[in-house]
Every structure is written in C-alpha cells, then in structure tokens.
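What follows is the content of final03.cif (mmCIF, C-alpha atoms).
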data_run
loop_
_atom_site.label_atom_id
_atom_site.label_comp_id
_atom_site.auth_asym_id
_atom_site.auth_seq_id
_atom_site.Cartn_x
_atom_site.Cartn_y
_atom_site.Cartn_z
CA MET R 193 246.68 -294.30 166.34
CA ASP R 194 243.65 -296.56 166.08
CA VAL R 195 241.05 -297.55 163.53
CA ASP R 196 238.92 -294.52 164.45
CA ALA R 197 241.47 -292.39 162.57
CA ALA R 198 240.10 -293.84 159.34
CA ILE R 199 236.68 -292.34 160.03
CA ALA R 200 237.98 -288.85 159.22
CA HIS R 201 238.72 -290.04 155.69
CA ILE R 202 235.23 -291.36 154.89
CA PRO R 203 234.07 -288.20 153.05
CA ARG R 204 237.09 -288.31 150.73
CA LEU R 205 236.74 -292.05 150.22
CA ARG R 206 233.07 -291.59 149.33
CA ARG R 207 233.82 -288.75 146.93
CA TYR R 208 236.51 -290.75 145.16
CA ALA R 209 234.36 -293.90 144.99
CA ARG R 210 231.32 -292.02 143.66
CA VAL R 211 233.25 -290.40 140.86
CA LEU R 212 235.10 -293.64 140.14
CA LEU R 213 231.96 -295.78 139.94
CA GLY R 214 229.32 -293.24 138.91
CA ASP R 215 226.78 -294.92 141.19
CA ALA R 216 226.16 -293.78 144.77
CA ALA R 217 224.98 -297.15 146.09
CA ARG R 218 227.91 -299.09 144.60
CA ALA R 219 230.28 -296.38 145.81
CA ASP R 220 228.98 -296.64 149.36
CA ASP R 221 229.39 -300.42 149.19
CA LEU R 222 232.99 -299.96 148.04
CA VAL R 223 233.70 -297.55 150.91
CA GLN R 224 232.23 -300.02 153.38
CA ASP R 225 234.28 -302.87 151.91
CA THR R 226 237.39 -300.67 152.10
CA LEU R 227 236.81 -299.84 155.76
CA GLU R 228 236.15 -303.49 156.58
CA ARG R 229 239.40 -304.45 154.86
CA ALA R 230 241.22 -301.68 156.75
CA CYS R 231 239.91 -303.04 160.05
CA LEU R 232 241.06 -306.54 159.16
CA LYS R 233 244.47 -305.37 157.95
CA TRP R 234 245.03 -302.56 160.45
CA GLY R 235 248.10 -304.25 161.88
CA LEU R 236 249.82 -303.99 158.49
CA TRP R 237 249.59 -300.19 158.29
CA ARG R 238 252.71 -298.41 159.41
CA PRO R 239 252.65 -294.65 159.86
CA PRO R 240 255.75 -292.81 158.70
CA GLU R 241 258.31 -292.41 161.46
CA ALA R 242 259.01 -288.96 162.89
CA ALA R 243 256.34 -287.42 160.67
CA SER R 244 253.96 -284.58 161.36
CA SER R 245 250.33 -285.42 162.06
CA GLU R 246 249.49 -284.06 158.59
CA ALA R 247 251.97 -286.46 156.96
CA VAL R 248 250.56 -289.36 158.99
CA GLN R 249 247.01 -288.48 157.89
CA LYS R 250 248.10 -288.26 154.24
CA ALA R 251 249.83 -291.64 154.52
CA LEU R 252 246.70 -293.16 156.07
CA ARG R 253 244.53 -291.71 153.29
CA SER R 254 246.95 -293.09 150.71
CA TRP R 255 246.81 -296.53 152.33
CA LEU R 256 242.99 -296.47 152.43
CA LEU R 257 242.80 -295.39 148.79
CA THR R 258 245.22 -298.18 147.86
CA LEU R 259 242.96 -300.68 149.63
CA MET R 260 239.99 -299.19 147.78
CA HIS R 261 241.75 -299.40 144.43
CA ASN R 262 242.67 -303.05 144.99
CA LEU R 263 239.11 -303.92 146.02
CA TYR R 264 237.75 -302.07 143.00
CA ALA R 265 240.16 -303.86 140.66
CA ASN R 266 239.25 -307.25 142.15
CA GLN R 267 235.52 -306.58 141.90
CA TRP R 268 235.98 -305.27 138.36
CA GLN R 269 237.56 -308.56 137.29
CA GLN R 270 235.29 -310.86 139.29
CA THR R 271 231.99 -309.31 138.25
CA GLY R 272 232.81 -309.10 134.56
CA LEU R 273 232.66 -305.32 134.49
CA HIS R 274 235.71 -305.46 132.25
CA ARG R 275 233.57 -306.78 129.42
CA MET R 276 232.30 -304.31 126.89
CA VAL R 277 229.15 -302.66 128.18
CA GLU R 278 226.71 -300.48 126.37
CA TRP R 279 226.84 -296.78 127.08
CA ASP R 280 224.60 -295.62 129.82
CA GLU R 281 222.76 -292.32 129.85
CA ALA R 282 225.85 -290.47 131.03
CA CYS R 283 227.71 -291.26 127.83
CA SER R 284 224.90 -291.25 125.30
CA PRO R 285 224.13 -288.20 123.20
CA SER R 286 220.89 -286.32 123.57
CA HIS R 287 217.90 -287.78 121.75
CA ASP R 288 217.03 -284.33 120.42
CA PRO R 289 219.09 -283.91 117.20
CA THR R 290 219.14 -280.12 117.45
CA ALA R 291 220.37 -280.23 121.03
CA ALA R 292 222.91 -282.97 120.30
CA MET R 293 225.16 -280.58 118.36
CA SER R 294 225.23 -278.01 121.13
CA LEU R 295 225.38 -280.45 124.02
CA ARG R 296 228.26 -279.91 126.40
CA LEU R 297 228.81 -282.57 128.98
CA ASP R 298 229.18 -281.35 132.49
CA LEU R 299 232.20 -282.51 134.42
CA GLU R 300 230.49 -285.37 136.22
CA ARG R 301 229.07 -286.83 133.03
CA ALA R 302 232.38 -286.37 131.22
CA LEU R 303 234.25 -288.18 133.99
CA ALA R 304 231.77 -291.04 133.80
CA CYS R 305 232.66 -291.46 130.13
CA LEU R 306 236.38 -291.90 130.77
CA PRO R 307 237.83 -295.41 131.00
CA SER R 308 238.25 -296.45 134.63
CA GLN R 309 242.07 -296.46 134.51
CA ALA R 310 242.11 -292.91 133.16
CA ARG R 311 239.51 -291.79 135.70
CA GLU R 312 241.47 -293.31 138.61
CA VAL R 313 244.69 -291.48 137.73
CA LEU R 314 242.92 -288.20 137.01
CA LEU R 315 241.05 -288.32 140.31
CA LEU R 316 244.06 -289.25 142.43
CA VAL R 317 246.32 -286.58 140.92
CA SER R 318 243.80 -283.78 140.34
CA MET R 319 241.15 -284.25 142.99
CA GLU R 320 243.07 -285.96 145.79
CA GLN R 321 246.31 -284.08 144.95
CA PHE R 322 248.66 -287.05 145.18
CA SER R 323 251.99 -286.82 143.40
CA TYR R 324 252.76 -288.98 140.39
CA ALA R 325 254.98 -291.18 142.57
CA GLU R 326 252.29 -291.59 145.24
CA THR R 327 249.69 -292.38 142.59
CA ALA R 328 251.99 -294.90 140.95
CA ALA R 329 252.55 -296.62 144.30
CA MET R 330 248.82 -296.74 145.05
CA LEU R 331 247.94 -298.19 141.65
CA ASP R 332 251.05 -300.39 141.49
CA VAL R 333 252.10 -299.05 138.09
CA PRO R 334 255.24 -297.22 136.90
CA ILE R 335 255.33 -293.41 137.12
CA GLY R 336 255.50 -293.21 133.33
CA THR R 337 252.20 -295.09 133.12
CA VAL R 338 250.64 -292.59 135.51
CA MET R 339 251.93 -289.70 133.41
CA SER R 340 250.67 -291.14 130.11
CA ARG R 341 247.28 -292.12 131.54
CA LEU R 342 246.94 -288.66 133.04
CA ALA R 343 247.80 -286.95 129.76
CA ARG R 344 245.31 -289.10 127.85
CA ALA R 345 242.63 -288.59 130.51
CA ARG R 346 243.04 -284.82 130.46
CA GLU R 347 242.85 -284.76 126.66
CA GLN R 348 239.75 -286.99 126.62
CA LEU R 349 238.13 -284.88 129.32
CA ARG R 350 238.89 -281.68 127.41
CA ARG R 351 237.29 -283.10 124.27
CA LEU R 352 234.23 -284.31 126.16
CA MET R 353 233.79 -280.95 127.86
CA GLU R 354 233.96 -279.30 124.43
CA GLY R 355 231.03 -281.43 123.36
CA GLU R 356 232.64 -284.27 121.43
CA ARG R 357 230.78 -287.55 121.53
CA PRO R 358 232.50 -290.23 123.63
CA VAL R 359 234.30 -292.88 121.63
CA ALA R 360 233.48 -296.47 122.48
CA PRO R 361 236.56 -298.23 123.83
CA THR R 362 238.22 -300.57 121.39
CA LEU R 363 240.62 -302.25 123.80
CA ARG R 364 239.66 -304.89 126.30
CA ALA R 365 241.45 -306.04 129.43
CA VAL R 366 242.97 -309.46 128.94
CA LYS R 367 244.67 -311.82 131.32
#

Kindly transcribe the structure held in the file into structure tokens.
Amino acid sequence: MDVDAAIAHIPRLRRYARVLLGDAARADDLVQDTLERACLKWGLWRPPEAASSEAVQKALRSWLLTLMHNLYANQWQQTGLHRMVEWDEACSPSHDPTAAMSLRLDLERALACLPSQAREVLLLVSMEQFSYAETAAMLDVPIGTVMSRLARAREQLRRLMEGERPVAPTLRAVK
C-alpha cells in the first residue's frame, strides 16, 4: 500500500472537516495539512495484519482522521480559537422577532452551534460510523467520555432542531 491509498479518503476527510469547522476554506486547509502530515508520517502507519481490504481501508481512514483531529486540536490551541468567541450567523437568532419564535435550525446550522468536542464525537460516531472504542482511540479519550459527549451532543442537537436558542458556553478550556 502506498500514499495514493489516502486519496480515496479525501471526500470523507473534507466532509468531516467542513462540518467540524463550519468553513469550507479552513476545512480544505485542514485536509491539506492532514494529507501532508500523512505523507511525512507514512512510515508509522501499520495496516492490520491478515485483514480484508475493507478493514485496511477503515484502519487507514481512522488513522487519517486521528491525524486530522490532532492537527485540529493543535491549531485550536495555537490560534486562540479556544477563547470565547461571539456567535456567528449560524448560531444567532433571526432578526425578525416574529420569525424568531418559529425558527428551526437546519442540521448544518445546528451542528455549527455545538461545542467542537461534542461535534467531533457526534460526527465520528454518527456520520463516519466509528464505534465508541474507535472514536475514543482517535480522540485519545476514555470510552465513557465518548459516550457522555455523544449523549450531550445528541440532546443539544435535538433541542436546537426543535428551535431552542443556542446557549453560550460557560466553560473554557484551561491548561
């Protein structure tokens, strides 16, 4: 297997990055950074032994998504994105007071309103169909953390889809 095998995963990497970041240009940059890192670290990837080609492809996708998560986490800390930011248009209510009460966020806007840790877990389990254990390994967190983040993310998403206004986060990441 060579680096060209990663090319087949670009559409999924782009989809995950776009939903994770909510910005197509930044998502494409993250995918590019991920593929560059994969090229540099290709010698570290080990396909599962005696596995079907499907299992090898899933393992490669998992490895690429792990690289992407680590790059995202590093960029998040280095750029100060962890600081409180004002809501953007995706999370702000409609300016029309009569429409504000009946406003229902579509799925993309609702996902954009979730905290990044909740969005990551929800996307990996629901969209990419990784198991809790695989997700925990990719994010380097315990399975219980994956389960609780997923439960909270699903509940927040349900509320947002029902039209509740997003709640500004009250917790901040600390070192």

Item checked: Top pick for closest residue to Tyr208 of chain R, considering R:Thr258, R:Ser244, R:Ser340, R:Gln348 and counting all atoms listed in the file -> R:Thr258

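Of the listed residues R:Leu315, R:Met353, R:Ala325, R:Leu232, the one whose atoms come nearest to Arg207 of chain R is R:Leu315, with distances taken using only C-alpha atoms.
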
Margin query: Could you tell me, as a PyMOL selection string, exactly which residues end up selected when the PyMOL selection byres ((chain R and resi 200) around 12) is applied to this structure?
Written below: chain R and resi 194-199+201-206+227+249-250+252-253+256

Item checked: Nearest candidate to Ala343 of chain R (options R:Ala243, R:Leu299, R:Val248, R:Val313; using only C-alpha atoms) ->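 Closest residue, counting only C-alpha atoms: R:Val313.
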
Margin query: So that I can check the surroundings of Val211 of chain R, please list as a ChimeraX atom specification every protein, DNA and RNA residue that reaches within 10 Å of it, counting only C-alpha atoms and ignoring chain neighbours fewer than 5 positions away.
Written below: /R:206,216,219,300-301,303-304,311-312,315

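Selection check: the PyMOL selection byres ((chain R and resi 349) around 9) on the shown file gives Leu299, Ala302, Leu303, Cys305, Leu306, Arg344, Ala345, Arg346, Glu347, Gln348, Arg350, Arg351, Leu352, Met353 and Glu354 of chain R.
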